[in-house]
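**Student:** Dropping in my_file28.txt, which is compact mmCIF, C-alpha atoms:
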```txt
# COMPACT_ATOMS: atom_id res chain seq x y z
CA MET A 1 24.01 -19.90 8.33
CA THR A 2 22.40 -17.64 10.93
CA LEU A 3 21.09 -14.29 9.75
CA SER A 4 22.32 -11.25 11.64
CA LYS A 5 19.94 -8.61 12.96
CA GLU A 6 21.56 -6.08 10.61
CA THR A 7 20.83 -8.23 7.55
CA LYS A 8 17.17 -8.67 8.58
CA ASP A 9 16.87 -4.92 9.19
CA PHE A 10 18.44 -4.30 5.77
CA ALA A 11 15.82 -6.58 4.17
CA ARG A 12 12.98 -4.99 6.15
CA SER A 13 14.06 -1.49 5.06
CA LEU A 14 14.34 -2.56 1.43
CA LEU A 15 10.84 -4.08 1.41
CA ALA A 16 9.31 -1.07 3.20
CA TYR A 17 10.97 1.26 0.68
CA GLU A 18 9.58 -0.69 -2.28
CA ALA A 19 6.15 -1.09 -0.67
CA ALA A 20 5.88 2.67 -0.27
CA ALA A 21 7.06 3.24 -3.85
CA GLY A 22 4.56 0.71 -5.20
CA GLN A 23 1.71 2.21 -3.23
CA GLY A 24 2.40 5.62 -4.71
CA SER A 25 2.61 4.30 -8.27
CA GLY A 26 -0.35 1.89 -8.01
CA GLN A 27 1.73 -1.21 -8.82
CA GLY A 28 -0.09 -4.39 -7.85
CA GLU A 29 2.79 -6.86 -7.43
CA PRO A 30 4.05 -7.68 -3.92
CA ALA A 31 7.03 -5.63 -2.80
CA VAL A 32 9.18 -8.77 -2.51
CA VAL A 33 8.64 -9.51 -6.20
CA ARG A 34 9.40 -5.93 -7.25
CA VAL A 35 12.62 -5.91 -5.23
CA CYS A 36 13.83 -9.05 -7.02
CA GLU A 37 12.74 -7.75 -10.42
CA LYS A 38 14.75 -4.55 -9.90
CA LEU A 39 17.81 -6.57 -8.86
CA HIS A 40 17.32 -8.92 -11.85
CA GLU A 41 19.17 -6.84 -14.45
CA PRO A 42 22.30 -5.84 -12.47
CA LEU A 43 22.72 -9.29 -10.94
CA CYS A 44 22.19 -11.05 -14.26
CA ALA A 45 24.86 -8.76 -15.71
CA LEU A 46 27.12 -9.75 -12.83
CA ALA A 47 26.52 -13.50 -12.61
CA GLY A 48 24.43 -14.33 -15.70
CA VAL A 49 20.81 -15.49 -15.70
CA ALA A 50 21.75 -18.95 -14.44
CA GLY A 51 23.83 -17.47 -11.63
CA TYR A 52 21.06 -15.12 -10.52
CA ARG A 53 18.49 -17.91 -10.67
CA SER A 54 20.75 -20.06 -8.50
CA LEU A 55 21.04 -17.26 -5.93
CA LEU A 56 17.26 -16.82 -5.78
CA ALA A 57 16.63 -20.56 -5.57
CA ARG A 58 19.17 -20.98 -2.77
CA ALA A 59 17.73 -18.02 -0.84
CA LEU A 60 14.23 -19.42 -1.24
CA THR A 61 15.31 -22.87 -0.04
CA LEU A 62 16.92 -21.40 3.07
CA ALA A 63 13.97 -19.10 3.83
CA ARG A 64 11.41 -21.93 3.42
CA LYS A 65 12.96 -23.75 6.39
CA GLU A 66 11.91 -20.86 8.62
CA ALA A 67 8.80 -19.71 6.75
CA PRO A 68 6.53 -22.51 5.42
CA SER A 69 4.29 -19.79 3.91
CA LEU A 70 6.83 -19.58 1.07
CA GLY A 71 6.01 -23.12 -0.02
CA ALA A 72 4.07 -22.03 -3.11
CA ALA A 73 6.80 -19.70 -4.37
CA GLN A 74 8.94 -20.85 -7.30
CA VAL A 75 11.83 -19.46 -9.31
CA THR A 76 11.47 -19.74 -13.08
CA ALA A 77 14.31 -20.69 -15.42
CA SER A 78 14.70 -17.02 -16.38
CA GLY A 79 15.10 -15.90 -12.76
CA HIS A 80 11.57 -14.62 -12.10
CA PHE A 81 8.98 -15.62 -9.51
CA GLN A 82 5.71 -17.47 -9.52
CA GLY A 83 3.40 -18.14 -6.58
CA PHE A 84 4.34 -15.27 -4.30
CA VAL A 85 1.31 -14.07 -2.34
CA ASP A 86 1.21 -10.54 -0.95
CA ALA A 87 0.52 -11.38 2.67
CA ALA A 88 0.62 -7.70 3.63
CA GLN A 89 -2.12 -6.33 1.36
CA ASP A 90 -3.97 -4.72 4.27
CA GLU A 91 -0.76 -3.20 5.61
CA PRO A 92 1.39 -2.52 2.54
CA ARG A 93 4.21 -0.97 4.55
CA HIS A 94 4.65 -4.11 6.68
CA ALA A 95 6.12 -7.07 4.81
CA SER A 96 5.35 -10.60 5.95
CA GLU A 97 7.96 -12.50 7.94
CA GLY A 98 8.43 -14.87 5.02
CA ASP A 99 9.18 -12.00 2.62
CA ILE A 100 11.68 -10.51 5.07
CA LEU A 101 13.43 -13.84 5.56
CA PHE A 102 13.64 -14.46 1.81
CA ILE A 103 15.13 -11.04 1.00
CA ALA A 104 17.43 -11.31 4.04
CA ARG A 105 18.67 -14.69 2.79
CA LEU A 106 19.29 -13.21 -0.68
CA LEU A 107 21.19 -10.28 0.84
CA GLY A 108 23.13 -12.69 3.05
CA LEU A 109 24.30 -14.64 0.01
CA LEU A 110 25.33 -11.44 -1.77
CA LEU A 111 27.20 -10.21 1.30
CA ALA A 112 29.06 -13.52 1.52
CA LEU A 113 29.93 -13.56 -2.20
CA LEU A 114 30.61 -9.88 -2.89
CA GLY A 115 31.39 -8.34 0.47
CA THR A 116 29.62 -5.56 2.34
CA ALA A 117 30.75 -2.53 0.34
CA VAL A 118 29.97 -3.96 -3.10
CA THR A 119 26.58 -5.34 -2.00
CA ILE A 120 25.50 -2.04 -0.48
CA GLN A 121 26.73 -0.08 -3.48
CA LEU A 122 24.81 -2.39 -5.83
CA VAL A 123 21.60 -2.03 -3.81
CA GLN A 124 21.95 1.74 -3.55
CA ASP A 125 22.49 2.01 -7.31
CA VAL A 126 19.15 0.22 -7.83
CA PHE A 127 17.34 1.98 -4.95
CA PRO A 128 19.09 5.38 -4.87
CA ARG A 129 16.90 6.94 -2.17
CA LEU A 130 17.33 4.09 0.27
CA THR A 131 19.62 4.88 3.21
CA VAL A 132 21.50 1.82 4.45
CA THR A 133 22.93 1.88 7.96
CA THR A 134 25.10 -0.45 10.00
CA GLU A 135 26.08 -0.55 13.66
CA ALA A 136 28.72 2.04 12.88
CA GLY A 137 26.21 4.39 11.23
CA GLU A 138 25.54 5.35 7.63
CA VAL A 139 27.60 3.42 5.13
CA THR A 140 29.99 5.25 2.83
CA PRO A 141 31.51 2.45 0.76
CA TYR A 142 34.02 4.36 -1.36
CA GLU A 143 36.90 3.81 1.05
CA ASP A 144 36.41 0.03 1.14
CA ILE A 145 35.16 -0.72 -2.35
CA LEU A 146 38.63 -1.09 -3.88
CA GLU A 147 39.34 -3.94 -1.43
CA GLU A 148 36.15 -5.64 -2.62
CA VAL A 149 37.30 -5.19 -6.22
CA GLY A 150 40.37 -7.24 -5.36
CA HIS A 151 38.08 -9.89 -3.87
CA LEU A 152 36.08 -10.06 -7.12
CA HIS A 153 39.26 -10.49 -9.14
CA SER A 154 40.30 -13.35 -6.85
CA VAL A 155 36.91 -15.07 -7.29
CA SER A 156 37.23 -14.64 -11.06
CA ASP A 157 40.67 -16.26 -11.00
CA ARG A 158 39.37 -19.20 -8.94
CA LEU A 159 36.49 -19.73 -11.36
CA GLN A 160 38.93 -19.81 -14.27
CA ALA A 161 40.95 -22.48 -12.47
CA LEU A 162 37.77 -24.49 -11.84
CA ALA A 163 36.85 -24.16 -15.51
CA ASP A 164 40.12 -25.84 -16.48
CA GLU A 165 39.36 -28.69 -14.09
CA ASN A 166 35.72 -29.13 -15.15
CA PRO A 167 35.42 -29.18 -18.95
CA SER A 168 31.71 -30.04 -18.83
CA VAL A 169 30.85 -26.64 -17.32
CA GLU A 170 33.85 -24.72 -18.64
CA GLY A 171 31.76 -22.34 -20.77
CA ALA A 172 29.41 -21.37 -17.94
CA LEU A 173 32.26 -20.86 -15.45
CA MET A 174 34.23 -18.74 -17.90
CA THR A 175 31.17 -16.59 -18.55
CA VAL A 176 30.64 -15.94 -14.84
CA SER A 177 34.37 -15.31 -14.40
CA GLY A 178 34.36 -12.78 -17.21
CA ASN A 179 31.28 -11.05 -15.81
CA LEU A 180 32.92 -10.77 -12.39
CA ARG A 181 36.10 -9.33 -13.87
CA SER A 182 34.15 -6.79 -15.93
CA THR A 183 32.13 -5.82 -12.86
CA ALA A 184 35.29 -5.45 -10.79
CA THR A 185 36.77 -3.12 -13.39
CA ALA A 186 33.59 -1.05 -13.56
CA LEU A 187 33.39 -0.84 -9.75
CA GLU A 188 37.01 0.19 -9.52
CA LEU A 189 36.44 3.03 -11.99
CA LEU A 190 33.21 4.02 -10.22
CA ALA A 191 34.92 4.11 -6.83
CA ILE A 192 37.78 6.22 -8.12
CA LEU A 193 35.51 8.69 -9.90
CA ARG A 194 33.07 9.07 -7.01
CA SER A 195 35.75 9.36 -4.38
CA LYS A 196 37.39 12.09 -6.44
CA ALA A 197 34.05 13.84 -6.89
CA SER A 198 33.39 13.79 -3.13
CA GLU A 199 36.74 15.34 -2.24
CA PRO A 200 36.55 19.01 -1.22
CA GLU A 201 37.87 21.51 -3.68
CA PRO A 202 41.40 22.54 -2.76
CA GLU A 203 41.61 26.03 -1.37
CA GLU A 204 43.39 28.52 -3.55
CA LYS A 205 46.65 29.51 -2.06
CA ALA A 206 46.94 33.19 -1.34
CA PRO A 207 49.64 34.84 -3.44
CA LYS A 208 52.81 35.40 -1.56
CA PRO A 209 53.41 39.08 -0.79
CA ARG A 210 56.02 40.64 -2.93
CA ARG A 211 59.09 41.34 -0.91
CA GLU A 212 60.56 44.74 -1.39
CA PRO A 213 64.31 44.84 -1.85
CA TYR A 214 66.19 45.59 1.33
CA LEU A 215 67.83 49.00 1.09
CA MET A 216 70.95 49.90 2.98
```
Write the structure described by the file as structure tokens, please.
**Tutor:**
Amino acid sequence: MTLSKETKDFARSLLAYEAAAGQGSGQGEPAVVRVCEKLHEPLCALAGVAGYRSLLARALTLARKEAPSLGAAQVTASGHFQGFVDAAQDEPRHASEGDILFIARLLGLLLALLGTAVTIQLVQDVFPRLTVTTEAGEVTPYEDILEEVGHLHSVSDRLQALADENPSVEGALMTVSGNLRSTATALELLAILRSKASEPEPEEKAPKPRREPYLM
């Protein structure tokens, strides 16, 4: 799967944002690790620890093919990292190509699984001051997010069907299916509430003038 320029730019912006935040707070971990740690909780809630670990491992495998410098990196059973080296210590605002490729691969998997609107909303909830743009300009996902909710429900239904066909992993599939359905419901409520909140207040109608009776 070829990465688009927009996905790489998305990853580059995310790493630069976290590098700047870490520099201001004195955090010593590489920006790529901090990005994944911040995504750990919401994505584990969405897909479970095993699901999030699988996403990270797949992204790392894909990125390694293009960036051999990631060879020492490993994903632990709990979905954390070991072996990441901060290759940009002298220039903290410029992530290494390997870091960019890894985060871009992770974002690419999320975009494929969840869709654009849900992925961007998830990232912006974790990194609220990050502005995400596309070719069409700044993203405002509230209009599209309900369509993505339907997509999540469909994925949940397919996982339930797979659970019936695969008894050996039925429990794990049902857990992921339930997490997706819960997330879809929460996103649907969030989209409705935020779209209502962003609507302009209706203008008060001016009272109609009182009509005087017509006198002969």
**Student:** Which one is closest to Asn179 (chain A): A:Gln121, A:Ser54, A:Gln160, A:Ser13? Count only C-alpha atoms.
**Tutor:**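 Looking at the shortest contact to Asn179 (chain A), the residue is A:Gln160.
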**Student:** Counting only C-alpha atoms, which of A:Val75, A:Ala184, A:Arg53, A:Ala112 gets nearest to Glu41 (chain A)?
**Tutor:**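 The shortest atom-to-atom distance to Glu41 (chain A) comes from A:Arg53.
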**Student:** Find the distance between CA of Ile103 (chain A) and CA of Gln74 (chain A) and write it in Å to one decimal.
**Tutor:** 14.3 Å
**Student:** Of the candidates A:Asp157, A:Glu97, A:Glu18, A:Asp164, which one gets nearest to Arg64 (chain A) if we count all atoms listed in the file?
**Tutor:** A:Glu97
**Student:** Would you mind reading off the distance between CA of Thr185 (chain A) and CA of Arg105 (chain A), one decimal, in Å?
**Tutor:**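 Result for CA of Thr185 (chain A) versus CA of Arg105 (chain A): 26.9 Å, one decimal.
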**Student:** Kindly indicate which residue among A:Ala73, A:Asp125, A:Val176, A:Glu37 lies nearest to His153 (chain A), using only C-alpha atoms for the distances.
**Tutor:** A:Val176
**Student:** Kindly give the distance, in Å, that separates CA of Ala172 (chain A) and CA of Leu159 (chain A), rounded to a single decimal.
**Tutor:** 9.8 Å
**Student:** Which one of A:Val118, A:Ala50, A:Val123, A:Leu180 sits closest to Tyr17 (chain A) if you count all atoms listed in the file?
**Tutor:** A:Val123
**Student:** Tell me which residues come within 8 Å of (2.1, -18.3, 6.2), as a ChimeraX atom specification, counting only C-alpha atoms in the file's coordinates.
**Tutor:** /A:67-70,87,98
**Student:** How big is the axis-aligned box around all listed atoms of region 120-131 of chain A once 3 Å goes on each side, and where's its centre, in Å to one decimal, as AutoDock Vina command-line options?
**Tutor:**
```
--center_x 21.8 --center_y 2.3 --center_z -2.3 --size_x 15.8 --size_y 15.3 --size_z 17.0
```
**Student:** Can you pull out the residues contacting Leu43 (chain A)? Cut-off 7 Å, using all atoms listed in the file, and skip same-chain residues under 4 positions away; I want them as a VMD selection string.
**Tutor:** chain A and resid 39 47 52
**Student:** Write out, as an mmCIF file, keeping the file's coordinate frame, the residues just selected, with C-alpha atoms.
**Tutor:**
```
data_model
loop_
_atom_site.group_PDB
_atom_site.id
_atom_site.type_symbol
_atom_site.label_atom_id
_atom_site.label_comp_id
_atom_site.auth_asym_id
_atom_site.auth_seq_id
_atom_site.Cartn_x
_atom_site.Cartn_y
_atom_site.Cartn_z
ATOM 1 C CA LEU A 39 17.810 -6.570 -8.860
ATOM 2 C CA ALA A 47 26.520 -13.500 -12.610
ATOM 3 C CA TYR A 52 21.060 -15.120 -10.520
#
```
**Student:** Missing atoms in region 38-72 of chain A should be modelled up to N, CA and C atoms and reported as a JSON list (two decimals), in the frame of the given file.
**Tutor:**
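Once written, selection_13.json looks like this:
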```json
[["chain", "number", "residue", "atom", "x", "y", "z"],
["A", 38, "LYS", "N", 13.82, -5.68, -9.72],
["A", 38, "LYS", "CA", 14.75, -4.55, -9.90],
["A", 38, "LYS", "C", 16.21, -5.00, -9.78],
["A", 39, "LEU", "N", 16.45, -6.03, -8.98],
["A", 39, "LEU", "CA", 17.81, -6.57, -8.86],
["A", 39, "LEU", "C", 18.16, -7.51, -10.01],
["A", 40, "HIS", "N", 17.13, -7.92, -10.79],
["A", 40, "HIS", "CA", 17.32, -8.92, -11.85],
["A", 40, "HIS", "C", 18.38, -8.49, -12.85],
["A", 41, "GLU", "N", 18.25, -7.28, -13.39],
["A", 41, "GLU", "CA", 19.17, -6.84, -14.45],
["A", 41, "GLU", "C", 20.61, -6.71, -13.97],
["A", 42, "PRO", "N", 20.89, -5.97, -12.87],
["A", 42, "PRO", "CA", 22.30, -5.84, -12.47],
["A", 42, "PRO", "C", 22.93, -7.16, -12.03],
["A", 43, "LEU", "N", 22.15, -8.03, -11.39],
["A", 43, "LEU", "CA", 22.72, -9.29, -10.94],
["A", 43, "LEU", "C", 22.88, -10.29, -12.08],
["A", 44, "CYS", "N", 21.99, -10.21, -13.06],
["A", 44, "CYS", "CA", 22.19, -11.05, -14.26],
["A", 44, "CYS", "C", 23.42, -10.59, -15.03],
["A", 45, "ALA", "N", 23.65, -9.27, -15.06],
["A", 45, "ALA", "CA", 24.86, -8.76, -15.71],
["A", 45, "ALA", "C", 26.11, -9.20, -14.96],
["A", 46, "LEU", "N", 25.98, -9.34, -13.65],
["A", 46, "LEU", "CA", 27.12, -9.75, -12.83],
["A", 46, "LEU", "C", 27.40, -11.24, -12.90],
["A", 47, "ALA", "N", 26.34, -12.05, -12.74],
["A", 47, "ALA", "CA", 26.52, -13.50, -12.61],
["A", 47, "ALA", "C", 25.86, -14.30, -13.73],
["A", 48, "GLY", "N", 25.17, -13.62, -14.67],
["A", 48, "GLY", "CA", 24.43, -14.33, -15.70],
["A", 48, "GLY", "C", 23.07, -14.76, -15.18],
["A", 49, "VAL", "N", 22.16, -15.10, -16.10],
["A", 49, "VAL", "CA", 20.81, -15.49, -15.70],
["A", 49, "VAL", "C", 20.85, -16.74, -14.83],
["A", 50, "ALA", "N", 21.66, -17.71, -15.22],
["A", 50, "ALA", "CA", 21.75, -18.95, -14.44],
["A", 50, "ALA", "C", 22.29, -18.68, -13.04],
["A", 51, "GLY", "N", 23.27, -17.80, -12.94],
["A", 51, "GLY", "CA", 23.83, -17.47, -11.63],
["A", 51, "GLY", "C", 22.82, -16.78, -10.74],
["A", 52, "TYR", "N", 22.06, -15.83, -11.31],
["A", 52, "TYR", "CA", 21.06, -15.12, -10.52],
["A", 52, "TYR", "C", 19.95, -16.06, -10.09],
["A", 53, "ARG", "N", 19.52, -16.94, -11.02],
["A", 53, "ARG", "CA", 18.49, -17.91, -10.67],
["A", 53, "ARG", "C", 18.96, -18.81, -9.53],
["A", 54, "SER", "N", 20.22, -19.21, -9.56],
["A", 54, "SER", "CA", 20.75, -20.06, -8.50],
["A", 54, "SER", "C", 20.74, -19.33, -7.15],
["A", 55, "LEU", "N", 21.07, -18.05, -7.17],
["A", 55, "LEU", "CA", 21.04, -17.26, -5.93],
["A", 55, "LEU", "C", 19.63, -17.20, -5.36],
["A", 56, "LEU", "N", 18.65, -16.91, -6.24],
["A", 56, "LEU", "CA", 17.26, -16.82, -5.78],
["A", 56, "LEU", "C", 16.77, -18.17, -5.25],
["A", 57, "ALA", "N", 17.09, -19.23, -5.98],
["A", 57, "ALA", "CA", 16.63, -20.56, -5.57],
["A", 57, "ALA", "C", 17.24, -20.96, -4.23],
["A", 58, "ARG", "N", 18.51, -20.65, -4.04],
["A", 58, "ARG", "CA", 19.17, -20.98, -2.77],
["A", 58, "ARG", "C", 18.57, -20.16, -1.63],
["A", 59, "ALA", "N", 18.34, -18.86, -1.87],
["A", 59, "ALA", "CA", 17.73, -18.02, -0.84],
["A", 59, "ALA", "C", 16.34, -18.51, -0.48],
["A", 60, "LEU", "N", 15.59, -18.93, -1.48],
["A", 60, "LEU", "CA", 14.23, -19.42, -1.24],
["A", 60, "LEU", "C", 14.25, -20.72, -0.44],
["A", 61, "THR", "N", 15.19, -21.60, -0.77],
["A", 61, "THR", "CA", 15.31, -22.87, -0.04],
["A", 61, "THR", "C", 15.63, -22.62, 1.43],
["A", 62, "LEU", "N", 16.55, -21.71, 1.69],
["A", 62, "LEU", "CA", 16.92, -21.40, 3.07],
["A", 62, "LEU", "C", 15.77, -20.75, 3.82],
["A", 63, "ALA", "N", 15.06, -19.82, 3.16],
["A", 63, "ALA", "CA", 13.97, -19.10, 3.83],
["A", 63, "ALA", "C", 12.79, -20.02, 4.11],
["A", 64, "ARG", "N", 12.54, -21.00, 3.23],
["A", 64, "ARG", "CA", 11.41, -21.93, 3.42],
["A", 64, "ARG", "C", 11.53, -22.71, 4.72],
["A", 65, "LYS", "N", 12.76, -22.99, 5.16],
["A", 65, "LYS", "CA", 12.96, -23.75, 6.39],
["A", 65, "LYS", "C", 12.42, -23.02, 7.60],
["A", 66, "GLU", "N", 12.39, -21.68, 7.50],
["A", 66, "GLU", "CA", 11.91, -20.86, 8.62],
["A", 66, "GLU", "C", 10.52, -20.29, 8.37],
["A", 67, "ALA", "N", 10.09, -20.30, 7.11],
["A", 67, "ALA", "CA", 8.80, -19.71, 6.75],
["A", 67, "ALA", "C", 8.06, -20.63, 5.78],
["A", 68, "PRO", "N", 7.27, -21.59, 6.29],
["A", 68, "PRO", "CA", 6.53, -22.51, 5.42],
["A", 68, "PRO", "C", 5.56, -21.80, 4.48],
["A", 69, "SER", "N", 5.20, -20.54, 4.78],
["A", 69, "SER", "CA", 4.29, -19.79, 3.91],
["A", 69, "SER", "C", 4.87, -19.55, 2.52],
["A", 70, "LEU", "N", 6.17, -19.76, 2.37],
["A", 70, "LEU", "CA", 6.83, -19.58, 1.07],
["A", 70, "LEU", "C", 6.76, -20.84, 0.21],
["A", 71, "GLY", "N", 6.04, -21.83, 0.67],
["A", 71, "GLY", "CA", 6.01, -23.12, -0.02],
["A", 71, "GLY", "C", 5.52, -23.06, -1.44],
["A", 72, "ALA", "N", 4.61, -22.12, -1.76],
["A", 72, "ALA", "CA", 4.07, -22.03, -3.11],
["A", 72, "ALA", "C", 4.95, -21.24, -4.07]]
```
